[in-house]
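Colleague: To start, I am sharing the structure in question, which I have written as structure tokens.
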Amino acid sequence: MSLFDATAHAFGLLFSGDAALWRIIWVSIKTSVIGLLLATPPAVLLGYAIAMHRFPGRRIAIWLAQCALSLPTVLIGLLLYLLLSRRGPLGPLEWLFSQSGIIAGQFVVGLPVLLAFTLAAVQALDPRYAETARALGASRWRIMSTVLHEARYGVMAAVISGFGRVISEVGCALMVGGNIEGETRTITTAIALETSKGEFAQGIALGIVLVALALLMNGALMLLQGEAHTAGGRA
Amino acid sequence: MRPLLTVRGLVKRHGERLLFDIDELTLETASAYVLTGANGVGKSTLLRALAGLEPVQAGAVEFEGKPVSLHPYPQALRRAIVYVHQHPVMFSTSVAQNIGYGLVARGEPRARVAAVVEEAMDWAGVAYLRGTDPARLSGGEKQRVALARARVLQPRLLLLDEPTSNLDGAAREQVIALIPTLMEQGTTVVMACHDRDLIGLPGVRRLKLRDGHLEYRPHKEKYEGEHDEAP
């Protein structure tokens, strides 16, 4: 099958509402969004805390957060596999080869991205925002909400980058999810499998979905940042 | 006049460099002071230290006759002392929400916040900015909004860091006109500044930070002829 034929077939699959294909897309989006929703609060809190406070070992914490960004997802998958396997410490949860396992993987994969980007966004913010809030008598929590509000475009970029990382990773989802059709098969694991079988149409169709999602998310971020610039605010 | 804040043995170092070592500083209630000194001598740092925004290496502080610490900064001081930056930042909400920020942080009822903010907007002459994005305010407008934001908290001590620097013409005059009204409401005001018109305001006493030490100077003493250094 030529590239043109495969691409035409891919669009055919997408627009014909192929159930198996859309099930894969649904599993991918669902596990990525849940994993990201779970990772965002602790990552943002940690990123804020590291950015705003001086404590022994802070530089090491920043170094570890940045190192975690480049950790291969297949290694994260291997570690999670060992933790979740029947004889592992988290074996009783029975999350291996389930969507819960994939969500746990997305959590671990997404957390460093969210943390590192939030840390960078808060560090880049003018320190007078926090000082002004403190000088006006704000509590610690109010200072945090004020600072995160002022750094919101950076935090949004963190969330969007985190989503990009979790939805596009293949190693962890493959090892922990097991690529079970209709259950744990995600966009990336399906592309890997279909390509290995020489079935390019579904792989291309799923690739189109990934590209569309990337365009959509980053377009939304650009729009928000554009509004911030128009309003004279911080991006 | 009763002493509001007394500081003894206040030491600030940046690494090995001694920024200031103040034997004693007493600020009286309902009084106004200008803090002068050459650029980089530590005027802003002293104000920030008094506001609990800058750690110091040593110092004993009494507030209304009671000993207090600067680190950790007690809630009583936080409520009584407000610091305004040289270039105030505006939160990206609205002008009214900026002015009411401290009141909301203190848990004041919404109706009271709205009423106090309205009054403060009139006081600062910024009511016409009600619908303006705070990020679009000019330097003078930001300074007046920041003064209103501090005034609504009715601080006992207001620390103003170069309130008229980088302002000129009408913007500077508008800010200078607000200072005496702060003094009239019983707030002790300390202004780090070089502005001759602020230094010359009636009733304002002068403190000078030089070589790490604080000198009290009688009002306007020798000021007219001082051109050899920043005042």
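By order of appearance in the structure tokens: chains A, B, ..., then residues from 1 within every chain, and ligands from 1 in the order shown.
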List the neighbours of Val145 (chain B) out to 12 Å using only C-alpha atoms; skip same-chain residues closer than 6 positions along the sequence, and give me the result as a CSV table (one decimal) with N, CA and C atoms, in the first residue's frame.
Modeller:
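Saved file around14.csv follows:
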chain,number,residue,atom,x,y,z
B,84,VAL,N,5.3,50.0,50.6
B,84,VAL,CA,4.9,50.2,49.2
B,84,VAL,C,6.2,50.3,48.4
B,85,HIS,N,6.3,49.4,47.3
B,85,HIS,CA,7.5,49.4,46.5
B,85,HIS,C,7.7,50.7,45.7
B,87,HIS,N,8.5,50.8,42.6
B,87,HIS,CA,7.6,50.6,41.4
B,87,HIS,C,6.6,49.6,41.7
B,88,PRO,N,5.4,50.0,42.2
B,88,PRO,CA,4.5,49.0,42.7
B,88,PRO,C,4.0,48.1,41.5
B,89,VAL,N,3.7,46.9,41.8
B,89,VAL,CA,3.1,46.0,40.8
B,89,VAL,C,1.6,45.9,41.1
B,90,MET,N,0.9,45.8,40.0
B,90,MET,CA,-0.6,45.7,40.1
B,90,MET,C,-1.0,44.2,39.8
B,91,PHE,N,-1.8,43.7,40.6
B,91,PHE,CA,-2.3,42.3,40.4
B,91,PHE,C,-3.2,42.4,39.1
B,94,SER,N,-8.6,43.9,38.8
B,94,SER,CA,-9.1,45.2,38.5
B,94,SER,C,-8.5,46.2,39.4
B,95,VAL,N,-8.7,47.5,39.1
B,95,VAL,CA,-8.1,48.5,40.0
B,95,VAL,C,-8.8,48.4,41.4
B,96,ALA,N,-10.1,48.2,41.4
B,96,ALA,CA,-10.8,48.1,42.6
B,96,ALA,C,-10.4,46.9,43.4
B,97,GLN,N,-10.2,45.8,42.8
B,97,GLN,CA,-9.7,44.6,43.5
B,97,GLN,C,-8.3,44.7,44.0
B,98,ASN,N,-7.5,45.5,43.3
B,98,ASN,CA,-6.1,45.8,43.8
B,98,ASN,C,-6.2,46.5,45.1
B,99,ILE,N,-7.1,47.6,45.1
B,99,ILE,CA,-7.2,48.4,46.3
B,99,ILE,C,-7.7,47.6,47.4
B,100,GLY,N,-8.7,46.8,47.1
B,100,GLY,CA,-9.3,46.0,48.2
B,100,GLY,C,-8.6,44.7,48.6
B,101,TYR,N,-7.4,44.5,48.0
B,101,TYR,CA,-6.8,43.2,48.2
B,101,TYR,C,-6.5,42.9,49.7
B,117,VAL,N,-13.2,50.8,49.4
B,117,VAL,CA,-12.5,50.9,48.1
B,117,VAL,C,-13.0,52.2,47.4
B,118,GLU,N,-14.3,52.3,47.4
B,118,GLU,CA,-14.9,53.5,46.7
B,118,GLU,C,-14.3,54.8,47.3
B,120,ALA,N,-11.5,55.2,48.9
B,120,ALA,CA,-10.1,55.3,48.6
B,120,ALA,C,-9.8,55.7,47.2
B,121,MET,N,-10.7,55.2,46.3
B,121,MET,CA,-10.5,55.6,44.9
B,121,MET,C,-10.7,57.1,44.7
B,122,ASP,N,-11.7,57.6,45.4
B,122,ASP,CA,-11.9,59.1,45.4
B,122,ASP,C,-10.7,59.8,46.0
B,123,TRP,N,-10.2,59.3,47.1
B,123,TRP,CA,-9.1,59.9,47.8
B,123,TRP,C,-7.9,60.0,46.9
B,124,ALA,N,-7.6,58.9,46.2
B,124,ALA,CA,-6.4,58.9,45.4
B,124,ALA,C,-6.7,59.5,44.0
B,125,GLY,N,-7.9,59.9,43.7
B,125,GLY,CA,-8.2,60.4,42.4
B,125,GLY,C,-8.1,59.4,41.3
B,126,VAL,N,-8.4,58.2,41.6
B,126,VAL,CA,-8.3,57.1,40.5
B,126,VAL,C,-9.7,56.5,40.2
B,127,ALA,N,-10.7,57.2,40.6
B,127,ALA,CA,-12.1,56.6,40.3
B,127,ALA,C,-12.3,56.4,38.8
B,128,TYR,N,-11.7,57.3,38.0
B,128,TYR,CA,-11.8,57.3,36.5
B,128,TYR,C,-11.1,56.0,35.9
B,129,LEU,N,-10.3,55.4,36.7
B,129,LEU,CA,-9.6,54.2,36.3
B,129,LEU,C,-10.4,52.9,36.5
B,130,ARG,N,-11.6,53.0,37.0
B,130,ARG,CA,-12.4,51.9,37.4
B,130,ARG,C,-12.4,50.7,36.4
B,132,THR,N,-10.3,50.4,33.9
B,132,THR,CA,-9.0,50.2,33.2
B,132,THR,C,-8.2,49.0,33.6
B,134,PRO,N,-5.4,47.1,35.1
B,134,PRO,CA,-4.3,47.6,35.9
B,134,PRO,C,-2.9,47.6,35.2
B,135,ALA,N,-2.7,46.7,34.3
B,135,ALA,CA,-1.4,46.6,33.6
B,135,ALA,C,-1.2,47.8,32.7
B,137,LEU,N,-1.9,51.0,33.5
B,137,LEU,CA,-1.8,52.2,34.2
B,137,LEU,C,-0.4,52.8,34.0
B,138,SER,N,-0.4,54.2,34.1
B,138,SER,CA,0.9,54.8,34.0
B,138,SER,C,1.6,54.7,35.4
B,139,GLY,N,2.9,55.1,35.4
B,139,GLY,CA,3.6,55.0,36.7
B,139,GLY,C,3.0,55.8,37.8
B,151,ARG,N,-3.5,52.5,52.1
B,151,ARG,CA,-4.3,53.4,53.0
B,151,ARG,C,-5.5,52.7,53.5
B,152,VAL,N,-6.2,51.9,52.7
B,152,VAL,CA,-7.4,51.2,53.1
B,152,VAL,C,-7.2,50.3,54.4
B,163,PRO,N,8.6,57.2,46.6
B,163,PRO,CA,7.2,57.2,46.0
B,163,PRO,C,7.1,58.1,44.8
B,174,GLN,N,0.6,65.0,42.0
B,174,GLN,CA,-0.6,64.3,42.6
B,174,GLN,C,-0.2,63.4,43.7
B,175,VAL,N,1.0,62.7,43.5
B,175,VAL,CA,1.4,61.7,44.6
B,175,VAL,C,1.8,62.5,45.8
B,178,LEU,N,-0.9,63.6,48.1
B,178,LEU,CA,-1.5,62.6,48.9
B,178,LEU,C,-0.8,62.4,50.2
Colleague: Just need the residues of chain B within 6 Å of chain A, counting only C-alpha atoms, so spit them out as JSON, numbers by chain.
Modeller: {"B": [78, 82, 83, 102, 105, 135]}
Colleague: Limited to N, CA and C atoms, could you put the picked residues into a file as a PDB file, in the first residue's frame?
Modeller:
ATOM      1  N   ARG B  78       2.478  42.830  60.931  1.00  0.00           N
ATOM      2  CA  ARG B  78       2.011  42.730  59.543  1.00  0.00           C
ATOM      3  C   ARG B  78       0.748  43.566  59.336  1.00  0.00           C
ATOM      4  N   VAL B  82       2.737  48.698  56.626  1.00  0.00           N
ATOM      5  CA  VAL B  82       2.563  48.381  55.199  1.00  0.00           C
ATOM      6  C   VAL B  82       3.694  49.044  54.415  1.00  0.00           C
ATOM      7  N   TYR B  83       4.267  48.257  53.514  1.00  0.00           N
ATOM      8  CA  TYR B  83       5.378  48.737  52.687  1.00  0.00           C
ATOM      9  C   TYR B  83       4.894  48.875  51.241  1.00  0.00           C
ATOM     10  N   GLY B 102      -5.922  43.839  50.366  1.00  0.00           N
ATOM     11  CA  GLY B 102      -5.552  43.620  51.770  1.00  0.00           C
ATOM     12  C   GLY B 102      -6.767  43.442  52.659  1.00  0.00           C
ATOM     13  N   ALA B 105      -8.003  40.013  52.129  1.00  0.00           N
ATOM     14  CA  ALA B 105      -7.079  39.088  52.807  1.00  0.00           C
ATOM     15  C   ALA B 105      -7.344  39.052  54.305  1.00  0.00           C
ATOM     16  N   ALA B 135      -2.718  46.663  34.313  1.00  0.00           N
ATOM     17  CA  ALA B 135      -1.422  46.577  33.630  1.00  0.00           C
ATOM     18  C   ALA B 135      -1.188  47.778  32.723  1.00  0.00           C
TER      19      ALA B 135
END
Colleague: Can you tell me which residues surround region 201-215 of chain B at a distance of at most 6 Å, considering only C-alpha atoms, apart from same-chain residues fewer than 6 positions away, and format the answer as a list of chain:residue names?
Modeller: B:Leu19, B:Phe20, B:Asp21, B:Ile22, B:Ala32, B:Tyr33, B:Val34, B:Leu35, B:Thr36, B:Gly37
Colleague: Take the residues just selected and output them with C-alpha atoms as an mmCIF file, in the first residue's frame.
Modeller:
data_model
loop_
_atom_site.group_PDB
_atom_site.id
_atom_site.type_symbol
_atom_site.label_atom_id
_atom_site.label_comp_id
_atom_site.auth_asym_id
_atom_site.auth_seq_id
_atom_site.Cartn_x
_atom_site.Cartn_y
_atom_site.Cartn_z
ATOM 1 C CA LEU B 19 25.120 47.521 54.828
ATOM 2 C CA PHE B 20 23.986 49.199 58.036
ATOM 3 C CA ASP B 21 24.390 48.995 61.783
ATOM 4 C CA ILE B 22 21.775 51.226 63.361
ATOM 5 C CA ALA B 32 6.473 61.738 59.071
ATOM 6 C CA TYR B 33 10.074 61.078 58.170
ATOM 7 C CA VAL B 34 12.149 61.134 55.054
ATOM 8 C CA LEU B 35 15.020 58.712 54.873
ATOM 9 C CA THR B 36 17.780 60.098 52.704
ATOM 10 C CA GLY B 37 21.188 58.856 51.699
#
Colleague: Please return as number ranges by chain: the residues of region 2-189 of chain B that backbone DSSP assigns to helix (DSSP H, G or I).
Modeller: B: 43-50, 75-80, 95-105, 110-124, 127-129, 134-136, 139-151, 169-184
Colleague: The selected residues should be written to file as a PDB file, in the first residue's frame (atoms: C-alpha atoms).
Modeller:
ATOM      1  CA  LYS B  43      17.527  52.931  52.412  1.00  0.00           C
ATOM      2  CA  SER B  44      15.208  50.485  50.643  1.00  0.00           C
ATOM      3  CA  THR B  45      16.716  47.554  52.530  1.00  0.00           C
ATOM      4  CA  LEU B  46      16.067  49.293  55.855  1.00  0.00           C
ATOM      5  CA  LEU B  47      12.416  49.880  54.949  1.00  0.00           C
ATOM      6  CA  ARG B  48      12.083  46.297  53.720  1.00  0.00           C
ATOM      7  CA  ALA B  49      13.644  45.013  56.937  1.00  0.00           C
ATOM      8  CA  LEU B  50      11.126  46.995  58.997  1.00  0.00           C
ATOM      9  CA  GLN B  75       0.975  39.144  62.649  1.00  0.00           C
ATOM     10  CA  ALA B  76       0.517  42.257  64.789  1.00  0.00           C
ATOM     11  CA  LEU B  77       3.292  44.027  62.875  1.00  0.00           C
ATOM     12  CA  ARG B  78       2.011  42.730  59.543  1.00  0.00           C
ATOM     13  CA  ARG B  79      -1.337  44.372  60.249  1.00  0.00           C
ATOM     14  CA  ALA B  80       0.246  47.595  61.496  1.00  0.00           C
ATOM     15  CA  VAL B  95      -8.120  48.513  39.988  1.00  0.00           C
ATOM     16  CA  ALA B  96     -10.824  48.130  42.646  1.00  0.00           C
ATOM     17  CA  GLN B  97      -9.740  44.584  43.479  1.00  0.00           C
ATOM     18  CA  ASN B  98      -6.145  45.759  43.762  1.00  0.00           C
ATOM     19  CA  ILE B  99      -7.151  48.428  46.262  1.00  0.00           C
ATOM     20  CA  GLY B 100      -9.321  46.013  48.220  1.00  0.00           C
ATOM     21  CA  TYR B 101      -6.766  43.165  48.191  1.00  0.00           C
ATOM     22  CA  GLY B 102      -5.552  43.620  51.770  1.00  0.00           C
ATOM     23  CA  LEU B 103      -9.065  44.045  53.121  1.00  0.00           C
ATOM     24  CA  VAL B 104     -10.205  40.813  51.448  1.00  0.00           C
ATOM     25  CA  ALA B 105      -7.079  39.088  52.807  1.00  0.00           C
ATOM     26  CA  ARG B 110     -17.656  42.311  50.962  1.00  0.00           C
ATOM     27  CA  ALA B 111     -19.963  45.299  51.481  1.00  0.00           C
ATOM     28  CA  ARG B 112     -17.421  47.041  53.703  1.00  0.00           C
ATOM     29  CA  VAL B 113     -14.624  46.328  51.224  1.00  0.00           C
ATOM     30  CA  ALA B 114     -16.667  47.876  48.404  1.00  0.00           C
ATOM     31  CA  ALA B 115     -17.462  50.996  50.426  1.00  0.00           C
ATOM     32  CA  VAL B 116     -13.885  51.499  51.641  1.00  0.00           C
ATOM     33  CA  VAL B 117     -12.492  50.933  48.149  1.00  0.00           C
ATOM     34  CA  GLU B 118     -14.872  53.522  46.691  1.00  0.00           C
ATOM     35  CA  GLU B 119     -13.776  56.065  49.260  1.00  0.00           C
ATOM     36  CA  ALA B 120     -10.097  55.254  48.643  1.00  0.00           C
ATOM     37  CA  MET B 121     -10.510  55.606  44.878  1.00  0.00           C
ATOM     38  CA  ASP B 122     -11.921  59.089  45.394  1.00  0.00           C
ATOM     39  CA  TRP B 123      -9.115  59.938  47.833  1.00  0.00           C
ATOM     40  CA  ALA B 124      -6.430  58.875  45.384  1.00  0.00           C
ATOM     41  CA  ALA B 127     -12.072  56.601  40.289  1.00  0.00           C
ATOM     42  CA  TYR B 128     -11.844  57.253  36.545  1.00  0.00           C
ATOM     43  CA  LEU B 129      -9.617  54.175  36.254  1.00  0.00           C
ATOM     44  CA  PRO B 134      -4.274  47.639  35.925  1.00  0.00           C
ATOM     45  CA  ALA B 135      -1.422  46.577  33.630  1.00  0.00           C
ATOM     46  CA  ARG B 136      -2.122  49.619  31.458  1.00  0.00           C
ATOM     47  CA  GLY B 139       3.645  55.029  36.685  1.00  0.00           C
ATOM     48  CA  GLY B 140       1.837  57.825  38.539  1.00  0.00           C
ATOM     49  CA  GLU B 141      -1.494  56.017  38.423  1.00  0.00           C
ATOM     50  CA  LYS B 142       0.099  52.831  39.733  1.00  0.00           C
ATOM     51  CA  GLN B 143       1.696  54.752  42.583  1.00  0.00           C
ATOM     52  CA  ARG B 144      -1.643  56.343  43.536  1.00  0.00           C
ATOM     53  CA  VAL B 145      -3.458  53.003  43.355  1.00  0.00           C
ATOM     54  CA  ALA B 146      -0.679  51.484  45.502  1.00  0.00           C
ATOM     55  CA  LEU B 147      -1.075  54.300  48.056  1.00  0.00           C
ATOM     56  CA  ALA B 148      -4.834  53.710  48.121  1.00  0.00           C
ATOM     57  CA  ARG B 149      -4.202  49.952  48.457  1.00  0.00           C
ATOM     58  CA  ALA B 150      -2.049  50.655  51.516  1.00  0.00           C
ATOM     59  CA  ARG B 151      -4.256  53.369  53.002  1.00  0.00           C
ATOM     60  CA  GLY B 169       4.964  66.852  36.192  1.00  0.00           C
ATOM     61  CA  ALA B 170       1.381  66.335  37.262  1.00  0.00           C
ATOM     62  CA  ALA B 171       1.866  62.664  38.221  1.00  0.00           C
ATOM     63  CA  ARG B 172       4.542  63.610  40.769  1.00  0.00           C
ATOM     64  CA  GLU B 173       2.505  66.501  42.168  1.00  0.00           C
ATOM     65  CA  GLN B 174      -0.563  64.284  42.552  1.00  0.00           C
ATOM     66  CA  VAL B 175       1.420  61.742  44.583  1.00  0.00           C
ATOM     67  CA  ILE B 176       3.058  64.451  46.728  1.00  0.00           C
ATOM     68  CA  ALA B 177      -0.379  65.948  47.450  1.00  0.00           C
ATOM     69  CA  LEU B 178      -1.549  62.613  48.902  1.00  0.00           C
ATOM     70  CA  ILE B 179       1.269  62.305  51.468  1.00  0.00           C
ATOM     71  CA  PRO B 180       0.102  65.039  53.906  1.00  0.00           C
ATOM     72  CA  THR B 181      -3.395  63.513  53.983  1.00  0.00           C
ATOM     73  CA  LEU B 182      -1.865  60.214  55.086  1.00  0.00           C
ATOM     74  CA  MET B 183      -0.078  62.033  57.886  1.00  0.00           C
ATOM     75  CA  GLU B 184      -3.290  63.805  58.908  1.00  0.00           C
TER      76      GLU B 184
END
Colleague: Region 206-221 of chain A: which residues within 8 Å, counting only C-alpha atoms, same-chain residues fewer than 5 positions away excluded, as a list in words?
Modeller: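 The residues satisfying every condition are Leu21, Ile25, Tyr153, Met156, Ala157, Ile160, Gly164, Ile167, Ser168, Ile187, Thr188 and Ile191 of chain A.
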Colleague: Out of B:Gly40, B:Gly15, B:Pro155, B:Gly107, which residue has the shortest atom-to-atom distance to Thr188 (chain B) when counting only C-alpha atoms?
Modeller: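 Residue with the minimum atom-to-atom distance to Thr188 (chain B): B:Pro155.
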Colleague: Near Pro72 (chain A), within 9 Å and counting only C-alpha atoms, which residues show up once chain neighbours fewer than 5 positions away are dropped, as a list in words?
Modeller: Gly77, Gly171 and Cys172 of chain A
Colleague: I need the chosen residues saved as an mmCIF file, in the first residue's frame, with N, CA and C atoms.
Modeller:
data_model
loop_
_atom_site.group_PDB
_atom_site.id
_atom_site.type_symbol
_atom_site.label_atom_id
_atom_site.label_comp_id
_atom_site.auth_asym_id
_atom_site.auth_seq_id
_atom_site.Cartn_x
_atom_site.Cartn_y
_atom_site.Cartn_z
ATOM 1 N N GLY A 77 8.258 2.917 32.944
ATOM 2 C CA GLY A 77 7.393 1.752 32.756
ATOM 3 C C GLY A 77 7.957 0.515 33.427
ATOM 4 N N GLY A 171 6.463 4.027 25.821
ATOM 5 C CA GLY A 171 7.137 2.979 26.591
ATOM 6 C C GLY A 171 6.387 2.551 27.834
ATOM 7 N N CYS A 172 5.973 3.516 28.630
ATOM 8 C CA CYS A 172 5.324 3.204 29.905
ATOM 9 C C CYS A 172 3.944 2.570 29.660
#
Colleague: To one decimal place, how far is CA of Gly177 (chain A) from CA of Ala192 (chain A) in Å?
Modeller: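 For CA of Gly177 (chain A) relative to CA of Ala192 (chain A), the distance reads 13.7 Å.
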Colleague: Could you pull the residues within 12 Å of Thr40 (chain A), counting only C-alpha atoms, minus those fewer than 6 positions along the same chain, as an MDAnalysis selection string?
Modeller: chainID A and resid 32:34 46:48 106:118 155:156 158:163
